[in-house]
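With mmCIF, C-alpha atoms inside, this is upload-v7.cif:
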```
data_entry
#
loop_
_atom_site.label_atom_id
_atom_site.label_comp_id
_atom_site.auth_asym_id
_atom_site.auth_seq_id
_atom_site.Cartn_x
_atom_site.Cartn_y
_atom_site.Cartn_z
CA MET D 329 132.33 67.81 -52.08
CA ILE D 330 133.32 64.12 -51.90
CA HIS D 331 131.75 61.72 -54.42
CA ILE D 332 131.02 58.17 -53.24
CA THR D 333 130.30 55.15 -55.43
CA GLU D 334 128.63 52.46 -53.35
CA CYS D 335 129.54 48.99 -54.67
CA PRO D 336 126.98 46.27 -53.87
CA ARG D 337 128.11 44.48 -57.04
CA ASP D 338 131.64 44.18 -55.69
CA ALA D 339 130.32 43.26 -52.25
CA MET D 340 128.26 40.38 -53.64
CA GLN D 341 130.25 38.99 -56.56
CA GLY D 342 132.63 36.75 -54.59
CA ILE D 343 130.00 35.20 -52.33
CA LYS D 344 129.40 31.58 -53.35
CA LYS D 345 125.97 31.14 -51.77
CA PHE D 346 123.44 32.74 -54.10
CA ILE D 347 121.81 35.86 -52.70
CA SER D 348 118.17 35.87 -53.73
CA THR D 349 117.10 38.31 -56.42
CA GLU D 350 114.47 39.64 -54.04
CA TYR D 351 117.11 40.52 -51.44
CA LYS D 352 119.29 42.22 -54.06
CA ILE D 353 116.40 44.36 -55.27
CA LYS D 354 115.47 45.35 -51.71
CA TYR D 355 119.06 46.21 -50.79
CA ILE D 356 119.94 48.21 -53.88
CA ASN D 357 116.64 50.11 -53.73
CA GLN D 358 117.55 51.06 -50.18
CA LEU D 359 121.00 52.23 -51.33
CA ILE D 360 119.31 54.40 -53.96
CA LYS D 361 117.44 56.20 -51.16
CA VAL D 362 120.75 57.10 -49.46
CA GLY D 363 121.77 59.49 -52.24
CA PHE D 364 125.17 58.14 -53.25
CA ASP D 365 126.73 59.77 -56.29
CA THR D 366 126.86 56.41 -58.10
CA ILE D 367 125.82 52.83 -57.39
CA ASP D 368 127.83 49.97 -58.91
CA PHE D 369 124.82 47.66 -58.97
CA GLY D 370 125.63 44.66 -61.21
CA SER D 371 127.48 43.28 -64.19
CA PHE D 372 126.79 42.09 -67.73
CA VAL D 373 129.42 39.35 -67.76
CA SER D 374 129.16 35.61 -68.26
CA PRO D 375 127.19 33.92 -65.45
CA LYS D 376 129.77 31.14 -65.64
CA SER D 377 132.41 33.65 -64.52
CA ILE D 378 130.32 35.45 -61.89
CA PRO D 379 127.24 33.30 -61.12
CA GLN D 380 126.20 35.55 -58.25
CA LEU D 381 125.25 38.32 -60.69
CA LYS D 382 123.34 36.28 -63.27
CA ASP D 383 120.14 38.13 -62.29
CA THR D 384 121.47 41.64 -63.01
CA GLU D 385 118.83 42.38 -65.68
CA ILE D 386 115.96 41.36 -63.38
CA VAL D 387 117.40 43.46 -60.56
CA LEU D 388 117.76 46.46 -62.86
CA ASP D 389 114.16 46.20 -64.07
CA ASN D 390 112.97 46.38 -60.46
CA LEU D 391 114.97 49.37 -59.25
CA ASP D 392 113.00 52.44 -58.21
CA LEU D 393 114.84 55.46 -59.57
CA ASN D 394 112.04 57.95 -59.05
CA ASN D 395 113.30 61.07 -57.26
CA SER D 396 116.86 59.72 -57.36
CA ASN D 397 119.94 61.56 -58.60
CA SER D 398 122.23 58.53 -58.20
CA ASN D 399 123.98 57.24 -61.32
CA LEU D 400 123.94 53.52 -62.07
CA LEU D 401 127.15 51.75 -63.11
CA THR D 402 127.50 48.22 -64.42
CA ILE D 403 130.64 46.21 -65.12
CA ILE D 404 131.19 44.72 -68.58
CA ALA D 405 134.03 42.57 -69.92
CA ASN D 406 133.38 42.48 -73.66
CA LEU D 407 131.50 44.16 -76.50
CA ARG D 408 128.55 41.79 -76.24
CA GLY D 409 127.95 42.68 -72.60
CA ALA D 410 128.38 46.37 -73.38
CA LYS D 411 125.79 46.26 -76.15
CA LYS D 412 123.35 44.55 -73.82
CA ALA D 413 123.95 47.15 -71.10
CA CYS D 414 123.40 49.96 -73.60
CA ASN D 415 119.83 48.74 -74.12
CA PHE D 416 118.95 50.01 -70.64
CA LYS D 417 118.35 53.76 -70.38
CA GLN D 418 118.69 53.60 -66.58
CA ILE D 419 122.42 52.81 -66.83
CA ASN D 420 124.75 55.83 -66.85
CA PHE D 421 128.22 54.24 -66.69
CA LEU D 422 129.81 51.12 -68.16
CA GLY D 423 132.83 50.02 -66.15
CA TYR D 424 135.71 48.12 -67.74
CA PRO D 425 138.70 46.67 -65.84
CA LEU D 426 141.96 47.49 -67.66
CA SER D 427 144.90 45.98 -65.83
CA VAL D 428 148.55 46.88 -65.46
CA SER D 429 149.07 43.14 -65.05
CA GLU D 430 149.01 41.05 -68.24
CA ILE D 431 148.24 37.90 -66.24
CA PHE D 432 145.29 39.47 -64.45
CA GLN D 433 143.92 41.00 -67.65
CA LYS D 434 143.77 37.55 -69.24
CA LYS D 435 142.27 35.98 -66.11
CA ASN D 436 139.67 38.71 -65.73
CA THR D 437 138.60 39.42 -69.33
CA ASN D 438 140.32 36.72 -71.42
CA LYS D 439 142.18 39.44 -73.33
CA THR D 440 145.68 40.88 -73.45
CA ILE D 441 146.25 44.48 -72.42
CA ASP D 442 146.66 45.54 -76.06
CA GLU D 443 143.45 43.75 -77.02
CA SER D 444 141.72 45.50 -74.14
CA ILE D 445 142.89 48.91 -75.31
CA ASN D 446 141.36 48.18 -78.71
CA LEU D 447 138.16 47.10 -76.99
CA VAL D 448 138.10 50.28 -74.91
CA SER D 449 138.15 52.28 -78.14
CA GLU D 450 135.07 50.38 -79.34
CA LEU D 451 133.39 50.78 -75.94
CA GLN D 452 134.00 54.52 -75.97
CA ASN D 453 132.32 54.84 -79.38
CA LEU D 454 129.42 52.69 -78.23
CA CYS D 455 128.92 54.77 -75.10
CA ILE D 456 128.93 58.01 -77.09
CA GLN D 457 126.28 56.58 -79.43
CA HIS D 458 124.04 55.60 -76.49
CA ASN D 459 124.59 58.68 -74.30
CA LYS D 460 126.56 56.81 -71.66
CA LYS D 461 130.01 57.16 -70.14
CA ILE D 462 132.76 54.62 -69.72
CA GLN D 463 134.58 54.22 -66.42
CA ILE D 464 137.98 52.54 -66.67
CA TYR D 465 139.32 50.71 -63.64
CA ILE D 466 143.11 50.45 -63.66
CA SER D 467 143.30 47.03 -62.01
CA MET D 468 146.39 46.01 -60.03
CA ALA D 469 147.38 49.68 -60.06
CA PHE D 470 149.39 49.30 -56.85
CA GLY D 471 151.01 45.93 -57.45
CA ASN D 472 150.07 42.32 -58.24
CA PRO D 473 150.50 38.83 -56.75
CA TYR D 474 152.17 37.40 -59.87
CA ASN D 475 155.67 38.90 -59.46
CA GLU D 476 155.16 40.97 -62.61
CA LYS D 477 156.99 44.27 -62.93
CA TRP D 478 155.22 47.24 -61.37
CA HIS D 479 156.19 50.86 -61.97
CA ILE D 480 154.35 54.15 -62.18
CA ASP D 481 155.53 54.49 -65.80
CA LEU D 482 153.34 51.52 -66.73
CA ILE D 483 150.29 53.37 -65.45
CA LEU D 484 151.31 56.63 -67.12
CA GLU D 485 151.65 54.72 -70.39
CA LEU D 486 148.12 53.35 -70.04
CA LEU D 487 146.79 56.79 -69.14
CA ASN D 488 148.38 58.28 -72.23
CA LYS D 489 146.50 55.78 -74.41
CA LEU D 490 143.23 56.37 -72.58
CA ASP D 491 143.61 60.13 -72.83
CA ARG D 492 143.96 59.83 -76.61
CA LEU D 493 140.64 57.96 -76.65
CA LEU D 494 139.08 60.87 -74.70
CA ILE D 495 138.33 58.68 -71.69
CA LYS D 496 137.52 60.97 -68.76
CA ASP D 497 136.67 58.72 -65.81
CA ILE D 498 139.48 56.62 -64.29
CA ALA D 499 139.56 54.68 -61.02
CA LEU D 500 142.84 53.38 -59.63
CA SER D 501 142.08 49.91 -58.28
CA ASP D 502 143.96 48.31 -55.41
CA THR D 503 142.64 44.90 -56.43
CA ILE D 504 144.32 42.81 -53.72
CA GLY D 505 145.01 45.38 -50.98
CA THR D 506 148.70 46.02 -51.65
CA SER D 507 148.60 49.81 -51.61
CA ASN D 508 150.15 51.98 -48.92
CA SER D 509 150.30 55.72 -48.27
CA HIS D 510 153.52 56.14 -50.27
CA LYS D 511 152.24 54.41 -53.40
CA ILE D 512 148.86 56.14 -53.17
CA ASN D 513 150.51 59.55 -52.92
CA LEU D 514 152.95 58.74 -55.71
CA LEU D 515 150.22 57.69 -58.16
CA PHE D 516 147.52 60.25 -57.48
CA THR D 517 149.90 63.20 -57.23
CA ASN D 518 151.62 62.37 -60.51
CA LEU D 519 148.52 61.37 -62.45
CA ILE D 520 146.45 64.38 -61.40
CA LYS D 521 149.38 66.67 -62.25
CA ASN D 522 149.89 65.11 -65.68
CA TYR D 523 146.19 64.72 -66.52
CA PRO D 524 144.34 67.52 -64.70
CA LYS D 525 141.21 67.24 -66.87
CA LEU D 526 140.55 63.57 -66.01
CA ASN D 527 138.29 62.46 -63.17
CA PHE D 528 140.37 60.17 -60.96
CA GLY D 529 138.82 57.94 -58.32
CA ALA D 530 140.06 55.45 -55.73
CA HIS D 531 138.80 51.86 -55.68
CA PHE D 532 140.70 50.42 -52.73
CA HIS D 533 140.52 46.92 -51.34
CA SER D 534 141.83 46.96 -47.82
CA SER D 535 141.80 45.50 -44.37
CA TYR D 536 139.42 47.32 -42.04
CA ASP D 537 142.28 48.67 -39.93
CA THR D 538 144.23 50.28 -42.81
CA SER D 539 141.27 51.81 -44.62
CA ILE D 540 141.45 55.28 -43.04
CA GLU D 541 145.13 55.80 -43.85
CA LYS D 542 144.43 54.90 -47.49
CA ILE D 543 141.48 57.28 -47.69
CA GLU D 544 143.56 60.05 -46.12
CA ALA D 545 146.53 59.49 -48.43
CA ALA D 546 144.34 59.63 -51.54
CA TYR D 547 142.47 62.75 -50.37
CA ASN D 548 145.68 64.56 -49.46
CA SER D 549 146.94 63.73 -52.96
CA GLY D 550 143.95 65.37 -54.63
CA CYS D 551 141.42 62.53 -54.94
CA ILE D 552 137.77 63.35 -54.18
CA ARG D 553 136.09 60.24 -55.64
CA PHE D 554 135.93 57.04 -53.60
CA ASP D 555 134.44 53.59 -54.21
CA SER D 556 133.35 51.73 -51.09
CA ALA D 557 130.98 49.08 -49.76
CA ILE D 558 129.02 49.00 -46.54
CA LYS D 559 131.00 47.17 -43.83
CA GLY D 560 133.83 46.56 -46.30
CA TYR D 561 132.24 43.53 -47.92
CA GLY D 562 133.59 42.29 -51.25
CA GLY D 563 136.72 41.33 -53.09
CA CYS D 564 137.72 40.21 -56.57
CA PRO D 565 137.26 36.45 -57.10
CA MET D 566 139.34 36.61 -60.30
CA ALA D 567 142.50 37.86 -58.54
CA THR D 568 143.42 35.44 -55.75
CA ASP D 569 141.66 32.78 -53.68
CA LYS D 570 141.66 35.05 -50.64
CA LEU D 571 139.19 37.92 -51.01
CA VAL D 572 140.27 41.33 -49.71
CA GLY D 573 137.23 43.48 -49.01
CA ASN D 574 136.43 47.04 -50.02
CA ILE D 575 136.96 50.23 -48.09
CA PRO D 576 133.97 50.39 -45.69
CA THR D 577 131.53 53.14 -46.65
CA GLU D 578 131.02 54.05 -43.02
CA LYS D 579 134.76 54.77 -42.77
CA VAL D 580 134.59 57.10 -45.77
CA ILE D 581 131.62 58.95 -44.28
CA GLU D 582 133.28 59.10 -40.86
CA PHE D 583 136.47 60.56 -42.33
CA PHE D 584 134.83 63.24 -44.48
CA LYS D 585 131.80 64.06 -42.30
CA ASP D 586 130.23 67.27 -43.68
CA LYS D 587 131.95 66.84 -47.06
CA VAL D 588 129.59 63.96 -47.89
CA LYS D 589 125.97 64.70 -48.76
CA ILE D 590 123.75 61.68 -48.04
CA ASN D 591 120.55 60.81 -46.18
CA HIS D 592 121.97 59.41 -42.95
CA SER D 593 118.77 57.74 -41.71
CA GLU D 594 118.43 55.85 -45.00
CA PHE D 595 122.11 54.92 -44.76
CA TYR D 596 121.64 53.38 -41.32
CA GLU D 597 118.69 51.40 -42.68
CA ALA D 598 120.91 50.13 -45.52
CA ILE D 599 123.45 48.95 -42.93
CA ARG D 600 120.67 47.13 -41.07
CA ILE D 601 119.49 45.38 -44.25
CA SER D 602 123.08 44.43 -45.15
CA ASP D 603 123.29 42.28 -42.02
CA SER D 604 120.55 39.99 -43.32
CA ILE D 605 122.22 39.70 -46.75
CA PHE D 606 125.87 39.21 -45.91
CA SER D 607 125.75 37.47 -42.52
#
```
Would you write the structure of this file as structure tokens?
Amino acid sequence: MIHITECPRDAMQGIKKFISTEYKIKYINQLIKVGFDTIDFGSFVSPKSIPQLKDTEIVLDNLDLNNSNSNLLTIIANLRGAKKACNFKQINFLGYPLSVSEIFQKKNTNKTIDESINLVSELQNLCIQHNKKIQIYISMAFGNPYNEKWHIDLILELLNKLDRLLIKDIALSDTIGTSNSHKINLLFTNLIKNYPKLNFGAHFHSSYDTSIEKIEAAYNSGCIRFDSAIKGYGGCPMATDKLVGNIPTEKVIEFFKDKVKINHSEFYEAIRISDSIFS
């Protein structure tokens, strides 16, 4: 079975015009009805950094999780945000972006990579205390726009440190859409072979036209967990000025067909509602 994380947080975060809290609540409640494995719904980061998500707590308090098996994931960037997120029983996963790029790590979290590893250790302990899990996103996993060195050994080195901290959930993030079939196969094949007990996922940013080949390359390399956003909305505003959207959820569902278990009528309604939010 294929596991899908729907990412309205990623879809919304780079949009400058504020999306009303009411619309966010309506949209995410509709996504909950679809039956995704996980919903990346918001973030506990500084509203100065991501003003679009300053209402995350209000949105969370108005989500209807009755009769839902979907996990909720929120992004955090520091210990303060993590502690705040841990106050909410509804949240299952805390996501932290750990980059291969030193420049991006500082831009995104105001920390070095080494400082972030130390923070991840604290976050892991905090999550264990509050019955939550930490999801680490390996940002810039397929390259970066800063001309910094990229090599699979850099990622293996990070994975070795995370494995020692007993981190189990890892998503390889193509933050700016630089991945291709060769790199995807190289990373997933080697990482899954070297760390068979870890749960690896794919968080690809991509053009609409190249999304299927990226999904196929990851799946053929052993990946069964995919992050996506309806119609491919999104992008990381901390990476470059030009936003590169997410893999479209409809493309993931189209590719895997009967390997994805969702409520299709509720999914089509979510697509309809998305038009009024993102248009």
For D:His592, list every protein, DNA or RNA residue within 10 Å, evaluated using only C-alpha atoms, and leave out those in the same chain fewer than 6 positions away; present the list as a CSV table (one decimal) with C-alpha atoms, keeping the file's coordinate frame.
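And here's part.csv as it stands now:
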```
chain,number,residue,atom,x,y,z
D,361,LYS,CA,117.4,56.2,-51.2
D,362,VAL,CA,120.8,57.1,-49.5
D,363,GLY,CA,121.8,59.5,-52.2
D,581,ILE,CA,131.6,59.0,-44.3
D,598,ALA,CA,120.9,50.1,-45.5
```
key: For D:Ala469: contacts at 10 Å, all atoms listed in the file, fewer than 5 positions along chain excluded, given as a list of chain:residue names   = D:Leu426, D:Ser427, D:Val428, D:Ser429, D:Trp478, D:His479, D:Ile480, D:Leu482, D:Ile483, D:Ala499, D:Leu500, D:Ser501, D:Asp502, D:Thr503, D:Ile504, D:Thr506, D:Ser507, D:Lys511, D:Ile512, D:Leu515, D:His531, D:Phe532
task = For the file shown, report as number ranges by chain the outcome of the PyMOL selection byres ((chain D and resi 399) around 8) at residue level.
result = D: 365-367, 397-398, 400-401, 419-421
Quick one: apply the PyMOL selection byres ((chain D and resi 431-440) around 9) to the file and drop the selected residues here as a PDB file with C-alpha atoms, keeping the file's coordinate frame.
```
ATOM      1  CA  SER D 377     132.410  33.650 -64.520  1.00  0.00           C
ATOM      2  CA  ALA D 405     134.030  42.570 -69.920  1.00  0.00           C
ATOM      3  CA  ASN D 406     133.380  42.480 -73.660  1.00  0.00           C
ATOM      4  CA  PRO D 425     138.700  46.670 -65.840  1.00  0.00           C
ATOM      5  CA  LEU D 426     141.960  47.490 -67.660  1.00  0.00           C
ATOM      6  CA  SER D 427     144.900  45.980 -65.830  1.00  0.00           C
ATOM      7  CA  VAL D 428     148.550  46.880 -65.460  1.00  0.00           C
ATOM      8  CA  SER D 429     149.070  43.140 -65.050  1.00  0.00           C
ATOM      9  CA  GLU D 430     149.010  41.050 -68.240  1.00  0.00           C
ATOM     10  CA  ILE D 441     146.250  44.480 -72.420  1.00  0.00           C
ATOM     11  CA  ASP D 442     146.660  45.540 -76.060  1.00  0.00           C
ATOM     12  CA  GLU D 443     143.450  43.750 -77.020  1.00  0.00           C
ATOM     13  CA  SER D 444     141.720  45.500 -74.140  1.00  0.00           C
ATOM     14  CA  ILE D 445     142.890  48.910 -75.310  1.00  0.00           C
ATOM     15  CA  SER D 467     143.300  47.030 -62.010  1.00  0.00           C
ATOM     16  CA  MET D 468     146.390  46.010 -60.030  1.00  0.00           C
ATOM     17  CA  ASN D 472     150.070  42.320 -58.240  1.00  0.00           C
ATOM     18  CA  TYR D 474     152.170  37.400 -59.870  1.00  0.00           C
ATOM     19  CA  GLU D 476     155.160  40.970 -62.610  1.00  0.00           C
ATOM     20  CA  MET D 566     139.340  36.610 -60.300  1.00  0.00           C
ATOM     21  CA  ALA D 567     142.500  37.860 -58.540  1.00  0.00           C
TER      22      ALA D 567
END
```
request  = Specify as a VMD selection string each residue included when the PyMOL selection byres ((chain D and resi 458) around 10) is applied to this file.
outcome  = chain D and resid 411 414 to 417 420 453 to 457 459 to 461
Working from the structure I just supplied, which lacks atoms in stretch 432-454 of chain D, can you model N, CA and C atoms there and output them as a PDB file, keeping the file's coordinate frame?
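The resulting file, result-v7.pdb, is shown below:
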```
ATOM      1  N   PHE D 432     146.624  39.195 -64.980  1.00  0.00           N
ATOM      2  CA  PHE D 432     145.290  39.470 -64.450  1.00  0.00           C
ATOM      3  C   PHE D 432     144.318  39.860 -65.557  1.00  0.00           C
ATOM      4  N   GLN D 433     144.797  40.607 -66.545  1.00  0.00           N
ATOM      5  CA  GLN D 433     143.920  41.000 -67.650  1.00  0.00           C
ATOM      6  C   GLN D 433     143.364  39.761 -68.354  1.00  0.00           C
ATOM      7  N   LYS D 434     144.217  38.775 -68.579  1.00  0.00           N
ATOM      8  CA  LYS D 434     143.770  37.550 -69.240  1.00  0.00           C
ATOM      9  C   LYS D 434     142.826  36.746 -68.345  1.00  0.00           C
ATOM     10  N   LYS D 435     143.135  36.708 -67.046  1.00  0.00           N
ATOM     11  CA  LYS D 435     142.270  35.980 -66.110  1.00  0.00           C
ATOM     12  C   LYS D 435     140.904  36.641 -66.001  1.00  0.00           C
ATOM     13  N   ASN D 436     140.890  37.963 -66.020  1.00  0.00           N
ATOM     14  CA  ASN D 436     139.670  38.710 -65.730  1.00  0.00           C
ATOM     15  C   ASN D 436     138.782  38.900 -66.950  1.00  0.00           C
ATOM     16  N   THR D 437     139.400  39.123 -68.129  1.00  0.00           N
ATOM     17  CA  THR D 437     138.600  39.420 -69.330  1.00  0.00           C
ATOM     18  C   THR D 437     138.942  38.533 -70.518  1.00  0.00           C
ATOM     19  N   ASN D 438     139.883  37.612 -70.327  1.00  0.00           N
ATOM     20  CA  ASN D 438     140.320  36.720 -71.420  1.00  0.00           C
ATOM     21  C   ASN D 438     140.885  37.504 -72.601  1.00  0.00           C
ATOM     22  N   LYS D 439     141.561  38.605 -72.296  1.00  0.00           N
ATOM     23  CA  LYS D 439     142.180  39.440 -73.330  1.00  0.00           C
ATOM     24  C   LYS D 439     143.552  39.900 -72.855  1.00  0.00           C
ATOM     25  N   THR D 440     144.419  40.234 -73.808  1.00  0.00           N
ATOM     26  CA  THR D 440     145.680  40.880 -73.450  1.00  0.00           C
ATOM     27  C   THR D 440     145.410  42.355 -73.176  1.00  0.00           C
ATOM     28  N   ILE D 441     146.400  43.042 -72.654  1.00  0.00           N
ATOM     29  CA  ILE D 441     146.250  44.480 -72.420  1.00  0.00           C
ATOM     30  C   ILE D 441     146.046  45.218 -73.741  1.00  0.00           C
ATOM     31  N   ASP D 442     146.815  44.878 -74.762  1.00  0.00           N
ATOM     32  CA  ASP D 442     146.660  45.540 -76.060  1.00  0.00           C
ATOM     33  C   ASP D 442     145.283  45.288 -76.657  1.00  0.00           C
ATOM     34  N   GLU D 443     144.803  44.060 -76.536  1.00  0.00           N
ATOM     35  CA  GLU D 443     143.450  43.750 -77.020  1.00  0.00           C
ATOM     36  C   GLU D 443     142.406  44.555 -76.246  1.00  0.00           C
ATOM     37  N   SER D 444     142.653  44.741 -74.963  1.00  0.00           N
ATOM     38  CA  SER D 444     141.720  45.500 -74.140  1.00  0.00           C
ATOM     39  C   SER D 444     141.693  46.975 -74.519  1.00  0.00           C
ATOM     40  N   ILE D 445     142.851  47.515 -74.861  1.00  0.00           N
ATOM     41  CA  ILE D 445     142.890  48.910 -75.310  1.00  0.00           C
ATOM     42  C   ILE D 445     142.055  49.075 -76.582  1.00  0.00           C
ATOM     43  N   ASN D 446     142.175  48.132 -77.495  1.00  0.00           N
ATOM     44  CA  ASN D 446     141.360  48.180 -78.710  1.00  0.00           C
ATOM     45  C   ASN D 446     139.876  48.078 -78.381  1.00  0.00           C
ATOM     46  N   LEU D 447     139.548  47.228 -77.413  1.00  0.00           N
ATOM     47  CA  LEU D 447     138.160  47.100 -76.990  1.00  0.00           C
ATOM     48  C   LEU D 447     137.657  48.399 -76.366  1.00  0.00           C
ATOM     49  N   VAL D 448     138.481  49.025 -75.542  1.00  0.00           N
ATOM     50  CA  VAL D 448     138.100  50.280 -74.910  1.00  0.00           C
ATOM     51  C   VAL D 448     137.734  51.331 -75.954  1.00  0.00           C
ATOM     52  N   SER D 449     138.460  51.358 -77.054  1.00  0.00           N
ATOM     53  CA  SER D 449     138.150  52.280 -78.140  1.00  0.00           C
ATOM     54  C   SER D 449     136.740  52.017 -78.683  1.00  0.00           C
ATOM     55  N   GLU D 450     136.412  50.742 -78.865  1.00  0.00           N
ATOM     56  CA  GLU D 450     135.070  50.380 -79.340  1.00  0.00           C
ATOM     57  C   GLU D 450     134.011  50.728 -78.283  1.00  0.00           C
ATOM     58  N   LEU D 451     134.328  50.486 -77.022  1.00  0.00           N
ATOM     59  CA  LEU D 451     133.390  50.780 -75.940  1.00  0.00           C
ATOM     60  C   LEU D 451     133.122  52.269 -75.835  1.00  0.00           C
ATOM     61  N   GLN D 452     134.166  53.071 -76.030  1.00  0.00           N
ATOM     62  CA  GLN D 452     134.000  54.520 -75.970  1.00  0.00           C
ATOM     63  C   GLN D 452     133.041  54.986 -77.079  1.00  0.00           C
ATOM     64  N   ASN D 453     133.213  54.472 -78.279  1.00  0.00           N
ATOM     65  CA  ASN D 453     132.320  54.840 -79.380  1.00  0.00           C
ATOM     66  C   ASN D 453     130.888  54.402 -79.109  1.00  0.00           C
ATOM     67  N   LEU D 454     130.749  53.209 -78.545  1.00  0.00           N
ATOM     68  CA  LEU D 454     129.420  52.690 -78.230  1.00  0.00           C
ATOM     69  C   LEU D 454     128.734  53.552 -77.174  1.00  0.00           C
TER      70      LEU D 454
END
```
